[in-house]
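> Once you've had a glance at the structure underneath, I'll fire off some questions.
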Amino acid sequence: MIQVEAARVFRVSPQSVSTWVRAYREHGTTALVSKPRGRPRQIQLAPHQAATVRLLTDQCPDQIKLPFFLWTREAVEPLLVERFGVRLSVWTVGRYLRRWGFMPQKPIRRPYEQDPQAVQQWLDTEYPAIRAQARAEGAEIHWGDEMGLHSDHQAGRTWGKRWQTPVVPGTGQRFGCNMISTVTHQGHLSFMVFPGRFTATVFLGFLQRLVRQRKRKVFLIVDRHSVHRAAQTNRWLAQHDDQIRLFFLPAYSPEMNPDELLNHDVKANAVGRKRAASLEDLVINLRGYLRSTQRQPAVVQRYFRKPAVQYAAG
């Protein structure tokens, strides 16, 4: 019986008959044994292989010489082929990743220059000493930072028709301003919006306003920006040692500063979700959002709930 006739008799496609004949010629009758359909019920990776793949929490793909920067399904697939000779589809890889407790997330960038020992020393020794000294002197601990804001920053998504990217009208001009702020775990927020560059003069103007507004001595923790360590800043601090002291976070460790979460909040909600037609509009939106946040201490306190900064909440 020819293949076309067999396909008609058994009511299957000629392609199926051709596949069966080819399999029989290459592997014999064992190749014709029926196999279960659908997804495999048992994992195809041996236990030691699955345990090895879970090490992807410790390294990035480019660190083990894979041509990827992030761990995607497409990056895990060649890893399985290279190490174990197991070839899986990207959908199967995704199911395994979820089974192992992984989920797609937006990663946090951590600079190569960060010193893990310095970070640990800050957590174990330096910050507990600052906290104890603040209690002894009746001071309150503020966390400070500054950032630039631009009119073209955008956050969030909008609904639109499938395969048609929505167009949001806005000004083609690019303008911006700067902001400096401090937060406390009690929920207090201080801020200043200013144009131009961040200089020692601007920083000292903010500090003067801060100590004037606070009734208690201020322990201000900031990063190692050159303005924070400038000679002009040090001279002023020496003259006002009874009102304020400055402390520095470990280098390249912005994730340890709760004020960074205020920065993300402001960029996403005060700038990214409102269209500013001019610099004046941008400043109005920014100040309005910050003043609203000032009136909600519970919102400020929530910045201290992120695991990386929970140490600062006590």
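Chain labels run A, B, ... following the order of the structure tokens; each chain numbers its residues from 1, and ligands are numbered from 1 in the order shown.
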Which residues come within 8 Å of A:Phe191, counting only C-alpha atoms, excluding same-chain residues fewer than 3 positions away, as a CSV table (one decimal) with N, CA and C atoms, in the first residue's frame?

```csv
chain,number,residue,atom,x,y,z
A,179,MET,N,16.1,69.1,43.6
A,179,MET,CA,15.4,69.0,44.9
A,179,MET,C,16.3,68.4,45.9
A,180,ILE,N,16.3,68.9,47.1
A,180,ILE,CA,17.0,68.3,48.3
A,180,ILE,C,16.0,68.0,49.4
A,181,SER,N,16.1,66.9,50.1
A,181,SER,CA,15.1,66.5,51.0
A,181,SER,C,15.7,65.7,52.1
A,182,THR,N,15.0,65.6,53.3
A,182,THR,CA,15.4,64.7,54.3
A,182,THR,C,14.1,64.0,54.9
A,290,LEU,N,5.0,67.2,47.3
A,290,LEU,CA,5.8,67.1,48.5
A,290,LEU,C,5.0,67.7,49.7
```
> As a PyMOL selection string, list the residues of stretch 195-267 of chain A assigned to alpha helix (DSSP H) by DSSP on the backbone atoms of this structure.
chain A and resi 200-213+231-239+259-265
> Please indicate the distance in Å from atom CA of A:Asp223 to atom CA of A:Thr57, rounded to one decimal place.
28.3 Å
> Can you tell me which residues surround A:Gly196 at a distance of at most 12 Å, considering only C-alpha atoms, apart from same-chain residues fewer than 2 positions away, and format the answer as a PyMOL selection string?
chain A and resi 147-149+175-179+193-194+198-199+201-202
> Would you mind telling me which residue in A:Lys35, A:His225, A:Arg275, A:Lys267 lies nearest to A:Tyr289 when using only C-alpha atoms?
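Under the stated criterion, the closest residue is A:Lys267.
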> Using Å and a single decimal, report how far atom CA of A:Ala298 sits from atom CA of A:His185.
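Going from atom CA of A:His185 over to atom CA of A:Ala298 covers 9.5 Å.
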> Based on the backbone DSSP call, show me all residues of stretch 153-218 of chain A assigned strand (DSSP E), as a tab-separated table (two decimals) with C-alpha atoms, in the first residue's frame.

```tsv
chain	number	residue	atom	x	y	z
A	176	GLY	CA	14.26	70.74	34.89
A	177	CYS	CA	15.00	71.65	38.47
A	178	ASN	CA	16.63	70.09	41.52
A	179	MET	CA	15.38	68.96	44.88
A	180	ILE	CA	16.99	68.28	48.25
A	181	SER	CA	15.10	66.53	51.04
A	182	THR	CA	15.36	64.69	54.35
A	183	VAL	CA	13.08	62.11	55.99
A	189	LEU	CA	9.73	65.36	55.64
A	190	SER	CA	11.76	68.50	54.84
A	191	PHE	CA	12.48	69.62	51.29
A	192	MET	CA	13.71	72.46	49.11
A	193	VAL	CA	13.22	72.87	45.35
A	194	PHE	CA	15.80	75.00	43.56
A	218	VAL	CA	19.79	67.00	63.92
```
> Residues within 10 Å of A:Tyr96, please, as a JSON list (two decimals) with N, CA and C atoms, in the first residue's frame. Count only C-alpha atoms; anything in the same chain fewer than 4 positions from it doesn't count.

```json
[["chain", "number", "residue", "atom", "x", "y", "z"],
["A", 43, "ILE", "N", 9.38, 16.20, 36.16],
["A", 43, "ILE", "CA", 10.45, 17.10, 35.77],
["A", 43, "ILE", "C", 11.53, 16.36, 35.01],
["A", 44, "GLN", "N", 12.05, 16.95, 33.95],
["A", 44, "GLN", "CA", 13.06, 16.29, 33.13],
["A", 44, "GLN", "C", 14.46, 16.44, 33.69],
["A", 45, "LEU", "N", 14.65, 17.36, 34.64],
["A", 45, "LEU", "CA", 15.97, 17.57, 35.20],
["A", 45, "LEU", "C", 16.15, 16.69, 36.44],
["A", 50, "ALA", "N", 18.72, 20.38, 38.88],
["A", 50, "ALA", "CA", 17.83, 21.45, 39.29],
["A", 50, "ALA", "C", 18.47, 22.29, 40.38],
["A", 73, "ARG", "N", 14.20, 33.68, 30.41],
["A", 73, "ARG", "CA", 14.02, 32.28, 29.99],
["A", 73, "ARG", "C", 14.99, 31.93, 28.87],
["A", 90, "VAL", "N", 11.35, 27.58, 25.85],
["A", 90, "VAL", "CA", 11.33, 28.70, 26.78],
["A", 90, "VAL", "C", 10.11, 28.63, 27.69],
["A", 91, "TRP", "N", 8.99, 28.07, 27.21],
["A", 91, "TRP", "CA", 7.80, 27.94, 28.04],
["A", 91, "TRP", "C", 8.04, 26.92, 29.17],
["A", 92, "THR", "N", 8.73, 25.82, 28.84],
["A", 92, "THR", "CA", 9.05, 24.84, 29.87],
["A", 92, "THR", "C", 10.03, 25.42, 30.88],
["A", 100, "TRP", "N", 10.50, 26.62, 40.96],
["A", 100, "TRP", "CA", 11.64, 26.80, 41.87],
["A", 100, "TRP", "C", 11.51, 28.07, 42.72],
["A", 101, "GLY", "N", 10.41, 28.79, 42.56],
["A", 101, "GLY", "CA", 10.20, 29.98, 43.37],
["A", 101, "GLY", "C", 10.68, 31.27, 42.75],
["A", 102, "PHE", "N", 10.98, 31.28, 41.45],
["A", 102, "PHE", "CA", 11.41, 32.49, 40.78],
["A", 102, "PHE", "C", 10.22, 33.18, 40.12]]
```
> Write out as a ChimeraX atom specification each polymer residue whose atoms come within 9 Å of A:Gln243, counting only C-alpha atoms; drop sequence neighbours fewer than 6 positions from it.
/A:139,211,216-219,237
